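What's in input16.pdb: PDB, C-alpha atoms, pLDDT in the B column
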ATOM      1  CA  MET A  27     123.252 147.469 232.019  1.00 44.00           C
ATOM      2  CA  PRO A  28     123.473 144.802 234.783  1.00 43.00           C
ATOM      3  CA  LYS A  29     121.293 141.745 234.199  1.00 41.00           C
ATOM      4  CA  SER A  30     119.387 142.307 237.440  1.00 40.00           C
ATOM      5  CA  LEU A  31     118.513 145.860 236.386  1.00 41.00           C
ATOM      6  CA  SER A  32     117.551 144.653 232.905  1.00 45.00           C
ATOM      7  CA  ARG A  33     115.203 142.092 234.415  1.00 42.00           C
ATOM      8  CA  ALA A  34     113.697 144.726 236.708  1.00 43.00           C
ATOM      9  CA  ARG A  35     113.117 147.129 233.829  1.00 50.00           C
ATOM     10  CA  ALA A  36     111.595 144.326 231.736  1.00 46.00           C
ATOM     11  CA  ALA A  37     109.260 143.444 234.588  1.00 44.00           C
ATOM     12  CA  GLY A  38     108.322 147.099 234.869  1.00 48.00           C
ATOM     13  CA  ARG A  39     107.393 147.156 231.169  1.00 50.00           C
ATOM     14  CA  ALA A  40     105.202 144.138 231.612  1.00 39.00           C
ATOM     15  CA  ARG A  41     103.322 145.770 234.486  1.00 51.00           C
ATOM     16  CA  THR A  42     102.945 149.173 232.856  1.00 52.00           C
ATOM     17  CA  ASN A  43     101.648 147.834 229.555  1.00 55.00           C
ATOM     18  CA  HIS A  44      98.349 146.733 231.106  1.00 51.00           C
ATOM     19  CA  PRO A  45      96.337 149.704 232.401  1.00 48.00           C
ATOM     20  CA  GLY A  46      93.433 148.994 234.720  1.00 56.00           C
ATOM     21  CA  PRO A  47      90.521 151.283 233.766  1.00 65.00           C
ATOM     22  CA  ALA A  48      89.466 151.914 230.182  1.00 87.00           C
ATOM     23  CA  LEU A  49      91.359 154.971 228.975  1.00 93.00           C
ATOM     24  CA  THR A  50      90.383 157.627 226.512  1.00 96.00           C
ATOM     25  CA  PRO A  51      92.658 157.692 223.445  1.00 97.00           C
ATOM     26  CA  ALA A  52      94.257 160.906 224.718  1.00 98.00           C
ATOM     27  CA  ALA A  53      94.915 159.449 228.175  1.00 97.00           C
ATOM     28  CA  ALA A  54      96.366 156.301 226.604  1.00 97.00           C
ATOM     29  CA  ARG A  55      98.755 158.401 224.500  1.00 97.00           C
ATOM     30  CA  CYS A  56      99.911 160.310 227.581  1.00 98.00           C
ATOM     31  CA  ARG A  57     100.418 157.091 229.478  1.00 97.00           C
ATOM     32  CA  ARG A  58     102.546 155.680 226.646  1.00 97.00           C
ATOM     33  CA  THR A  59     104.673 158.832 226.732  1.00 97.00           C
ATOM     34  CA  PHE A  60     105.307 158.427 230.455  1.00 98.00           C
ATOM     35  CA  VAL A  61     106.101 154.712 230.205  1.00 97.00           C
ATOM     36  CA  ARG A  62     108.412 155.322 227.246  1.00 97.00           C
ATOM     37  CA  PHE A  63     110.643 157.405 229.496  1.00 97.00           C
ATOM     38  CA  PHE A  64     110.044 155.354 232.642  1.00 97.00           C
ATOM     39  CA  PRO A  65     109.265 151.696 231.781  1.00 96.00           C
ATOM     40  CA  GLY A  66     108.974 150.836 235.465  1.00 96.00           C
ATOM     41  CA  GLY A  67     106.316 153.498 236.001  1.00 96.00           C
ATOM     42  CA  TYR A  68     106.337 155.309 239.325  1.00 98.00           C
ATOM     43  CA  ARG A  69     108.853 152.785 240.710  1.00 97.00           C
ATOM     44  CA  ASP A  70     111.301 153.192 237.843  1.00 97.00           C
ATOM     45  CA  GLU A  71     114.830 153.925 239.063  1.00 97.00           C
ATOM     46  CA  THR A  72     115.358 156.694 236.523  1.00 98.00           C
ATOM     47  CA  TYR A  73     112.013 158.232 237.469  1.00 98.00           C
ATOM     48  CA  ILE A  74     113.037 158.287 241.136  1.00 98.00           C
ATOM     49  CA  ASP A  75     116.344 159.886 240.185  1.00 97.00           C
ATOM     50  CA  TRP A  76     114.968 162.496 237.776  1.00 97.00           C
ATOM     51  CA  GLU A  77     111.583 163.384 239.219  1.00 98.00           C
ATOM     52  CA  ARG A  78     110.563 161.996 242.585  1.00 98.00           C
ATOM     53  CA  GLY A  79     113.678 161.800 244.727  1.00 98.00           C
ATOM     54  CA  TYR A  80     114.441 165.478 245.296  1.00 97.00           C
ATOM     55  CA  LYS A  81     110.779 166.350 245.856  1.00 98.00           C
ATOM     56  CA  TRP A  82     110.402 163.628 248.477  1.00 98.00           C
ATOM     57  CA  ALA A  83     113.645 164.727 250.132  1.00 98.00           C
ATOM     58  CA  ALA A  84     112.203 168.250 250.468  1.00 98.00           C
ATOM     59  CA  HIS A  85     109.047 166.795 252.023  1.00 98.00           C
ATOM     60  CA  GLU A  86     111.013 164.762 254.544  1.00 98.00           C
ATOM     61  CA  ARG A  87     113.021 167.803 255.545  1.00 98.00           C
ATOM     62  CA  TRP A  88     109.790 169.776 255.920  1.00 98.00           C
ATOM     63  CA  ARG A  89     108.322 167.145 258.244  1.00 97.00           C
ATOM     64  CA  VAL A  90     111.325 167.501 260.531  1.00 97.00           C
ATOM     65  CA  GLU A  91     111.708 171.279 260.462  1.00 97.00           C
ATOM     66  CA  LEU A  92     108.194 172.617 259.818  1.00 97.00           C
ATOM     67  CA  GLY A  93     105.714 169.929 260.791  1.00 96.00           C
ATOM     68  CA  ALA A  94     102.539 171.020 262.569  1.00 95.00           C
ATOM     69  CA  SER A  95     104.033 171.202 266.065  1.00 96.00           C
ATOM     70  CA  GLU A  96     107.271 172.813 264.886  1.00 97.00           C
ATOM     71  CA  LEU A  97     105.588 175.526 262.822  1.00 97.00           C
ATOM     72  CA  GLU A  98     103.013 176.191 265.530  1.00 97.00           C
ATOM     73  CA  GLY A  99     105.808 176.516 268.075  1.00 97.00           C
ATOM     74  CA  LEU A 100     107.743 178.989 265.935  1.00 98.00           C
ATOM     75  CA  VAL A 101     104.701 181.127 265.179  1.00 98.00           C
ATOM     76  CA  GLY A 102     103.422 180.920 268.756  1.00 97.00           C
ATOM     77  CA  SER A 103     106.741 182.120 270.132  1.00 98.00           C
ATOM     78  CA  GLY A 104     107.059 184.939 267.615  1.00 97.00           C
ATOM     79  CA  GLN A 105     109.905 183.362 265.637  1.00 98.00           C
ATOM     80  CA  PHE A 106     108.416 184.399 262.321  1.00 98.00           C
ATOM     81  CA  GLU A 107     111.744 185.059 260.618  1.00 98.00           C
ATOM     82  CA  GLU A 108     113.014 181.600 261.550  1.00 98.00           C
ATOM     83  CA  ALA A 109     109.868 179.916 260.230  1.00 98.00           C
ATOM     84  CA  ALA A 110     110.136 181.835 256.955  1.00 98.00           C
ATOM     85  CA  ARG A 111     113.850 181.110 256.712  1.00 98.00           C
ATOM     86  CA  ARG A 112     113.275 177.370 257.051  1.00 98.00           C
ATOM     87  CA  ALA A 113     110.530 177.348 254.435  1.00 98.00           C
ATOM     88  CA  VAL A 114     112.635 179.302 251.951  1.00 97.00           C
ATOM     89  CA  ALA A 115     115.676 177.103 252.609  1.00 97.00           C
ATOM     90  CA  ILE A 116     113.746 173.878 252.061  1.00 98.00           C
ATOM     91  CA  GLU A 117     112.252 175.082 248.793  1.00 97.00           C
ATOM     92  CA  SER A 118     115.594 176.457 247.605  1.00 96.00           C
ATOM     93  CA  ARG A 119     116.962 172.915 247.285  1.00 94.00           C
ATOM     94  CA  THR A 120     114.380 172.138 244.625  1.00 96.00           C
ATOM     95  CA  ASN A 121     113.935 173.473 241.099  1.00 94.00           C
ATOM     96  CA  LEU A 122     110.201 173.972 241.493  1.00 97.00           C
ATOM     97  CA  LEU A 123     110.202 177.786 241.459  1.00 96.00           C
ATOM     98  CA  PHE A 124     111.750 180.022 238.848  1.00 94.00           C
ATOM     99  CA  SER A 125     114.708 182.096 240.009  1.00 93.00           C
ATOM    100  CA  PHE A 126     112.654 185.317 239.899  1.00 93.00           C
ATOM    101  CA  GLU A 127     110.042 183.709 242.163  1.00 95.00           C
ATOM    102  CA  LYS A 128     112.695 182.584 244.643  1.00 95.00           C
ATOM    103  CA  MET A 129     114.078 186.119 244.702  1.00 94.00           C
ATOM    104  CA  ALA A 130     110.640 187.672 245.138  1.00 94.00           C
ATOM    105  CA  LEU A 131     109.898 185.355 248.056  1.00 95.00           C
ATOM    106  CA  ARG A 132     113.196 186.105 249.804  1.00 95.00           C
ATOM    107  CA  ASP A 133     112.540 189.822 249.438  1.00 94.00           C
ATOM    108  CA  ALA A 134     108.971 189.461 250.681  1.00 95.00           C
ATOM    109  CA  VAL A 135     109.909 187.753 253.960  1.00 96.00           C
ATOM    110  CA  ARG A 136     113.008 189.801 254.680  1.00 95.00           C
ATOM    111  CA  SER A 137     111.133 192.280 256.846  1.00 95.00           C
ATOM    112  CA  THR A 138     109.575 191.348 260.188  1.00 95.00           C
ATOM    113  CA  ALA A 139     106.111 192.221 258.895  1.00 96.00           C
ATOM    114  CA  GLY A 140     106.547 190.102 255.783  1.00 96.00           C
ATOM    115  CA  ALA A 141     107.911 187.144 257.741  1.00 98.00           C
ATOM    116  CA  ARG A 142     105.050 187.377 260.247  1.00 98.00           C
ATOM    117  CA  ALA A 143     102.377 187.439 257.531  1.00 98.00           C
ATOM    118  CA  PHE A 144     103.996 184.579 255.638  1.00 98.00           C
ATOM    119  CA  ALA A 145     104.617 182.312 258.630  1.00 98.00           C
ATOM    120  CA  THR A 146     101.180 182.879 260.153  1.00 98.00           C
ATOM    121  CA  GLY A 147      99.445 182.419 256.833  1.00 98.00           C
ATOM    122  CA  LEU A 148     101.419 179.268 256.116  1.00 98.00           C
ATOM    123  CA  ARG A 149     100.457 177.771 259.478  1.00 98.00           C
ATOM    124  CA  ASP A 150      96.787 178.560 258.910  1.00 97.00           C
ATOM    125  CA  PHE A 151      96.835 177.188 255.370  1.00 98.00           C
ATOM    126  CA  LEU A 152      98.520 173.895 256.236  1.00 97.00           C
ATOM    127  CA  TYR A 153      97.321 173.184 259.743  1.00 94.00           C
ATOM    128  CA  GLY A 154      94.440 175.563 260.447  1.00 93.00           C
ATOM    129  CA  ARG A 155      90.713 175.063 260.692  1.00 90.00           C
ATOM    130  CA  GLY A 156      88.115 175.491 257.979  1.00 90.00           C
ATOM    131  CA  ASP A 157      87.569 173.786 254.668  1.00 94.00           C
ATOM    132  CA  ASP A 158      90.099 173.603 251.860  1.00 95.00           C
ATOM    133  CA  GLU A 159      88.447 176.333 249.809  1.00 97.00           C
ATOM    134  CA  ALA A 160      88.473 178.858 252.644  1.00 97.00           C
ATOM    135  CA  ARG A 161      92.044 178.106 253.684  1.00 97.00           C
ATOM    136  CA  PHE A 162      93.340 178.226 250.120  1.00 98.00           C
ATOM    137  CA  GLY A 163      91.563 181.513 249.456  1.00 97.00           C
ATOM    138  CA  GLN A 164      93.049 183.047 252.586  1.00 97.00           C
ATOM    139  CA  TRP A 165      96.503 181.776 251.634  1.00 98.00           C
ATOM    140  CA  CYS A 166      96.224 183.467 248.235  1.00 98.00           C
ATOM    141  CA  GLU A 167      95.308 186.721 249.982  1.00 97.00           C
ATOM    142  CA  THR A 168      98.286 186.326 252.314  1.00 97.00           C
ATOM    143  CA  ILE A 169     100.708 185.903 249.414  1.00 97.00           C
ATOM    144  CA  ALA A 170      99.112 188.793 247.525  1.00 96.00           C
ATOM    145  CA  GLY A 171      99.640 191.040 250.545  1.00 95.00           C
ATOM    146  CA  LEU A 172     103.332 190.297 251.059  1.00 95.00           C
ATOM    147  CA  PRO A 173     105.818 193.144 250.527  1.00 91.00           C
ATOM    148  CA  ARG A 174     106.931 193.456 246.925  1.00 84.00           C
ATOM    149  CA  ARG A 175     110.082 194.983 245.561  1.00 78.00           C
ATOM    150  CA  GLN A 176     110.575 194.410 241.845  1.00 71.00           C
ATOM    151  CA  THR A 177     108.889 191.098 241.030  1.00 71.00           C
ATOM    152  CA  ARG A 178     105.349 190.053 241.851  1.00 80.00           C
ATOM    153  CA  VAL A 179     104.932 187.420 244.542  1.00 88.00           C
ATOM    154  CA  LEU A 180     101.449 186.200 243.633  1.00 94.00           C
ATOM    155  CA  THR A 181     102.193 183.441 241.121  1.00 96.00           C
ATOM    156  CA  TRP A 182     100.696 179.979 240.855  1.00 98.00           C
ATOM    157  CA  PRO A 183     103.994 178.180 241.531  1.00 98.00           C
ATOM    158  CA  LEU A 184     104.671 180.252 244.641  1.00 97.00           C
ATOM    159  CA  VAL A 185     101.130 179.839 245.972  1.00 98.00           C
ATOM    160  CA  THR A 186     101.164 176.050 245.511  1.00 98.00           C
ATOM    161  CA  VAL A 187     104.749 174.996 246.195  1.00 98.00           C
ATOM    162  CA  PHE A 188     104.640 174.922 249.995  1.00 98.00           C
ATOM    163  CA  GLY A 189     101.463 172.879 250.256  1.00 98.00           C
ATOM    164  CA  PHE A 190     102.952 170.450 247.743  1.00 98.00           C
ATOM    165  CA  ILE A 191     106.178 170.060 249.712  1.00 98.00           C
ATOM    166  CA  ALA A 192     104.514 169.936 253.119  1.00 98.00           C
ATOM    167  CA  GLN A 193     101.501 167.726 252.333  1.00 98.00           C
ATOM    168  CA  PRO A 194     101.971 165.870 249.031  1.00 98.00           C
ATOM    169  CA  GLU A 195      99.174 163.508 249.993  1.00 97.00           C
ATOM    170  CA  ARG A 196      96.655 166.335 249.519  1.00 96.00           C
ATOM    171  CA  HIS A 197      98.176 169.390 247.805  1.00 98.00           C
ATOM    172  CA  MET A 198      99.237 169.811 244.180  1.00 98.00           C
ATOM    173  CA  PHE A 199     101.831 172.036 242.526  1.00 98.00           C
ATOM    174  CA  LEU A 200     100.921 174.152 239.516  1.00 98.00           C
ATOM    175  CA  LYS A 201     103.244 175.289 236.749  1.00 97.00           C
ATOM    176  CA  PRO A 202     100.732 177.034 234.481  1.00 98.00           C
ATOM    177  CA  ASN A 203     102.231 176.584 231.003  1.00 97.00           C
ATOM    178  CA  VAL A 204     103.273 172.980 231.547  1.00 98.00           C
ATOM    179  CA  THR A 205      99.974 172.014 233.156  1.00 98.00           C
ATOM    180  CA  ARG A 206      97.889 173.682 230.487  1.00 98.00           C
ATOM    181  CA  GLU A 207      99.816 171.868 227.768  1.00 98.00           C
ATOM    182  CA  ALA A 208      99.468 168.567 229.624  1.00 98.00           C
ATOM    183  CA  ALA A 209      95.727 169.122 230.020  1.00 98.00           C
ATOM    184  CA  ARG A 210      95.433 169.861 226.298  1.00 98.00           C
ATOM    185  CA  LYS A 211      97.187 166.606 225.427  1.00 98.00           C
ATOM    186  CA  TYR A 212      95.100 164.716 227.970  1.00 98.00           C
ATOM    187  CA  GLU A 213      91.940 166.402 226.654  1.00 98.00           C
ATOM    188  CA  PHE A 214      91.049 167.443 230.175  1.00 98.00           C
ATOM    189  CA  GLU A 215      89.078 170.668 230.568  1.00 98.00           C
ATOM    190  CA  PHE A 216      91.385 172.539 232.900  1.00 98.00           C
ATOM    191  CA  GLU A 217      89.648 175.699 234.145  1.00 97.00           C
ATOM    192  CA  TYR A 218      92.653 177.980 234.289  1.00 98.00           C
ATOM    193  CA  GLN A 219      92.739 181.591 235.428  1.00 97.00           C
ATOM    194  CA  SER A 220      96.012 183.453 235.727  1.00 96.00           C
ATOM    195  CA  ARG A 221      95.300 184.955 239.156  1.00 97.00           C
ATOM    196  CA  PRO A 222      95.480 182.294 241.870  1.00 97.00           C
ATOM    197  CA  GLN A 223      92.027 181.404 243.216  1.00 97.00           C
ATOM    198  CA  TRP A 224      90.114 178.341 244.323  1.00 98.00           C
ATOM    199  CA  GLU A 225      88.282 177.420 241.097  1.00 98.00           C
ATOM    200  CA  THR A 226      91.500 176.799 239.166  1.00 98.00           C
ATOM    201  CA  TYR A 227      93.073 174.961 242.080  1.00 98.00           C
ATOM    202  CA  GLU A 228      89.984 172.764 242.404  1.00 98.00           C
ATOM    203  CA  SER A 229      90.244 171.987 238.686  1.00 98.00           C
ATOM    204  CA  LEU A 230      93.921 171.110 239.145  1.00 98.00           C
ATOM    205  CA  LEU A 231      92.997 168.658 241.908  1.00 98.00           C
ATOM    206  CA  ALA A 232      90.391 167.128 239.599  1.00 98.00           C
ATOM    207  CA  PHE A 233      93.032 166.719 236.878  1.00 98.00           C
ATOM    208  CA  ALA A 234      95.307 164.991 239.371  1.00 98.00           C
ATOM    209  CA  ALA A 235      92.450 162.712 240.438  1.00 98.00           C
ATOM    210  CA  ARG A 236      91.859 161.745 236.803  1.00 98.00           C
ATOM    211  CA  VAL A 237      95.521 160.888 236.325  1.00 98.00           C
ATOM    212  CA  ARG A 238      95.481 158.886 239.565  1.00 98.00           C
ATOM    213  CA  ARG A 239      92.495 156.880 238.346  1.00 97.00           C
ATOM    214  CA  ASP A 240      94.045 156.272 234.923  1.00 97.00           C
ATOM    215  CA  THR A 241      97.392 155.153 236.340  1.00 97.00           C
ATOM    216  CA  LEU A 242      96.108 153.316 239.390  1.00 95.00           C
ATOM    217  CA  ASP A 243      97.850 150.083 238.410  1.00 92.00           C
ATOM    218  CA  LEU A 244     101.176 151.970 238.415  1.00 94.00           C
ATOM    219  CA  ARG A 245     100.547 152.580 242.136  1.00 94.00           C
ATOM    220  CA  PRO A 246     100.826 156.353 242.487  1.00 98.00           C
ATOM    221  CA  ARG A 247     101.787 157.198 246.044  1.00 97.00           C
ATOM    222  CA  ASP A 248     100.863 160.855 246.243  1.00 98.00           C
ATOM    223  CA  MET A 249     100.680 164.132 244.360  1.00 98.00           C
ATOM    224  CA  ILE A 250     104.412 163.991 243.684  1.00 98.00           C
ATOM    225  CA  ASP A 251     103.828 161.093 241.304  1.00 98.00           C
ATOM    226  CA  LEU A 252     100.796 162.743 239.708  1.00 98.00           C
ATOM    227  CA  GLN A 253     102.546 166.091 239.290  1.00 98.00           C
ATOM    228  CA  SER A 254     105.526 164.318 237.745  1.00 98.00           C
ATOM    229  CA  PHE A 255     103.267 162.515 235.265  1.00 98.00           C
ATOM    230  CA  ILE A 256     101.730 165.848 234.260  1.00 98.00           C
ATOM    231  CA  TRP A 257     105.175 167.420 233.998  1.00 98.00           C
ATOM    232  CA  VAL A 258     106.314 164.737 231.561  1.00 98.00           C
ATOM    233  CA  GLN A 259     103.337 165.497 229.306  1.00 98.00           C
ATOM    234  CA  GLY A 260     103.742 169.264 229.207  1.00 97.00           C
ATOM    235  CA  SER A 261     107.425 170.041 229.673  1.00 97.00           C
ATOM    236  CA  ASP A 262     109.862 170.697 226.844  1.00 94.00           C
ATOM    237  CA  GLU A 263     112.334 168.563 228.784  1.00 93.00           C
ATOM    238  CA  TYR A 264     110.446 165.509 227.532  1.00 94.00           C
TER     239      TYR A 264
END
Represent the supplied structure as structure tokens.
Amino acid sequence: MPKSLSRARAAGRARTNHPGPALTPAAARCRRTFVRFFPGGYRDETYIDWERGYKWAAHERWRVELGASELEGLVGSGQFEEAARRAVAIESRTNLLFSFEKMALRDAVRSTAGARAFATGLRDFLYGRGDDEARFGQWCETIAGLPRRQTRVLTWPLVTVFGFIAQPERHMFLKPNVTREAARKYEFEFEYQSRPQWETYESLLAFAARVRRDTLDLRPRDMIDLQSFIWVQGSDEY
């Protein structure tokens, strides 16, 4: 390892070994797990390479292709298929959804009716009026109503992935098994229900807020960092 990189990693260890707020024993254990893999915390080069980089790249592409004005323009001009195509293409470059979910989504937006419902619902969820609870509830109904061939479309990853990519400053991504295991290790009371609805999503946001508070000195930038921390705790990959 180059000396400059060694010094940077050593400096990262020094910073990450001194948490700010008092942590519960469970939170402290989870923090140690994260720092063991990524001594530089959320700025660690390996962390950027393994966890953050591809998610941020998807967000940047979304901002260019499906930002508020772009998505509104596509929906307003009736280009529903193009809006759906862009969303599917951006997500497809990530590993956030399972292959069966990617297939179910492609099937669901293949028809004009499916593309219209998806694109309009996506615009309203991300950029529409109303509070978060109302918009999220309507988005769940939109996904539930999409055409279905063989595989169900209404899954937590599919419901949450586009908000996460489009607006990582406010929306969180949910992989149920990983998140439930992470919450168990963190000793956080995650109020999970298998059917997507607001109460579970609100609990997920509260979990993310707790992780943000407990890792504030590591300087989390957005939900990408918080979701990655949770992933490290609950995934078999780690």
TODO: Would you mind telling me which residue in A:Glu107, A:Asp240, A:Glu127, A:Asp251 lies nearest to Gly67 (chain A) when using only C-alpha atoms?
DONE: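 Checking each of A:Glu107, A:Asp240, A:Glu127, A:Asp251 against Gly67 (chain A), counting only C-alpha atoms, the winner is A:Asp251.
The spacing separating CA of Phe162 (chain A) from CA of Gln223 (chain A) amounts to 7.7 Å.
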Carefully work through the PyMOL selection byres ((chain A and resi 84) around 9) for this structure and note down the residues it includes, as a compact mmCIF listing (two decimals) with C-alpha atoms, keeping the file's coordinate frame.
# COMPACT_ATOMS: atom_id res chain seq x y z
CA GLY A 79 113.68 161.80 244.73
CA TYR A 80 114.44 165.48 245.30
CA LYS A 81 110.78 166.35 245.86
CA TRP A 82 110.40 163.63 248.48
CA ALA A 83 113.64 164.73 250.13
CA HIS A 85 109.05 166.80 252.02
CA GLU A 86 111.01 164.76 254.54
CA ARG A 87 113.02 167.80 255.54
CA TRP A 88 109.79 169.78 255.92
CA ARG A 89 108.32 167.14 258.24
CA ILE A 116 113.75 173.88 252.06
CA GLU A 117 112.25 175.08 248.79
CA ARG A 119 116.96 172.92 247.28
CA THR A 120 114.38 172.14 244.62
CA ILE A 191 106.18 170.06 249.71
CA ALA A 192 104.51 169.94 253.12
Which residues of region 28-147 of chain A have any atom within 8 Å of an atom in region 203-220 of chain A when counting all atoms listed in the file, and what is the closest pair of atoms for each, with the distance in Å to one decimal? Order the rows by chain and rising number and write it as CSV.
residue,atom,partner,partner_atom,distance
A:Ala52,CA,A:Tyr212,CA,5.1
A:Ala53,CA,A:Tyr212,CA,5.3
A:Cys56,CA,A:Tyr212,CA,6.5
Generate the output file for the selected residues, C-alpha atoms, as a compact mmCIF listing (two decimals), keeping the file's coordinate frame.
# COMPACT_ATOMS: atom_id res chain seq x y z
CA ALA A 52 94.26 160.91 224.72
CA ALA A 53 94.92 159.45 228.18
CA CYS A 56 99.91 160.31 227.58
- [ ] Using the chain letters and numbering of this document, enumerate as number ranges by chain the residues selected by the PyMOL selection byres ((chain A and resi 253) around 9).
- [x] A: 198-200, 205, 234, 248-252, 254-258
Can you write out the residues you just picked, keeping C-alpha atoms, as a short mmCIF file (atom, residue, chain, number, x, y, z; two decimals), in the coordinates of the input?
data_model
loop_
_atom_site.label_atom_id
_atom_site.label_comp_id
_atom_site.auth_asym_id
_atom_site.auth_seq_id
_atom_site.Cartn_x
_atom_site.Cartn_y
_atom_site.Cartn_z
CA MET A 198 99.24 169.81 244.18
CA PHE A 199 101.83 172.04 242.53
CA LEU A 200 100.92 174.15 239.52
CA THR A 205 99.97 172.01 233.16
CA ALA A 234 95.31 164.99 239.37
CA ASP A 248 100.86 160.85 246.24
CA MET A 249 100.68 164.13 244.36
CA ILE A 250 104.41 163.99 243.68
CA ASP A 251 103.83 161.09 241.30
CA LEU A 252 100.80 162.74 239.71
CA SER A 254 105.53 164.32 237.74
CA PHE A 255 103.27 162.51 235.26
CA ILE A 256 101.73 165.85 234.26
CA TRP A 257 105.18 167.42 234.00
CA VAL A 258 106.31 164.74 231.56
#
Task: Exercise: residues within 10 Å of coordinate (108.2, 190.2, 246.9), counting all atoms listed in the file, as a list in words - done: Phe126, Glu127, Lys128, Met129, Ala130, Leu131, Arg132, Asp133, Ala134, Val135, Arg136, Gly140, Ile169, Ala170, Gly171, Leu172, Pro173, Arg174, Arg175, Gln176, Thr177, Arg178, Val179 and Leu180 of chain A
TODO: Report as a ChimeraX atom specification the residues that result from applying the PyMOL selection byres ((chain A and resi 97-104) around 12) to the structure here.
DONE: /A:88-96,105-113,138-139,141-154,192
Report the centre and edge lengths, in Å to one decimal, of an axis-aligned box enclosing every atom of region 214-221 of chain A listed in the file, padded by 3 Å on each side, as AutoDock Vina command-line options.
--center_x 92.5 --center_y 176.2 --center_z 234.7 --size_x 12.9 --size_y 23.5 --size_z 15.0
TODO: Go ahead and compute the interatomic distance for CA of Thr226 (chain A) and CA of Trp182 (chain A), in Å to one decimal.
DONE: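 Answer for the CA of Thr226 (chain A) to CA of Trp182 (chain A) separation: 9.9 Å.
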Open item on the list: Under the rule that only C-alpha atoms are counted, which of A:Glu159, A:Val185, A:Asp243, A:Phe190 is the nearest residue to Glu228 (chain A)?
Closed with: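 For Glu228 (chain A), the nearest of the given residues is A:Glu159.
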- [ ] Have a look at A:Ile74, A:Leu231, A:Val61, A:Val114 and name the one nearest to Phe188 (chain A); count all atoms listed in the file.
- [x]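 Counting all atoms listed in the file, the residue closest to Phe188 (chain A) is A:Val114.
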- [ ] Measuring atom to atom with only C-alpha atoms, identify which of A:Thr181, A:Asp70, A:Gln164, A:Asp157 is nearest to Phe124 (chain A).
- [x]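 Of A:Thr181, A:Asp70, A:Gln164, A:Asp157, the one nearest Phe124 (chain A), counting only C-alpha atoms, is A:Thr181.
The space separating CA of Arg78 (chain A) from CA of Arg247 (chain A) comes to 10.6 Å.
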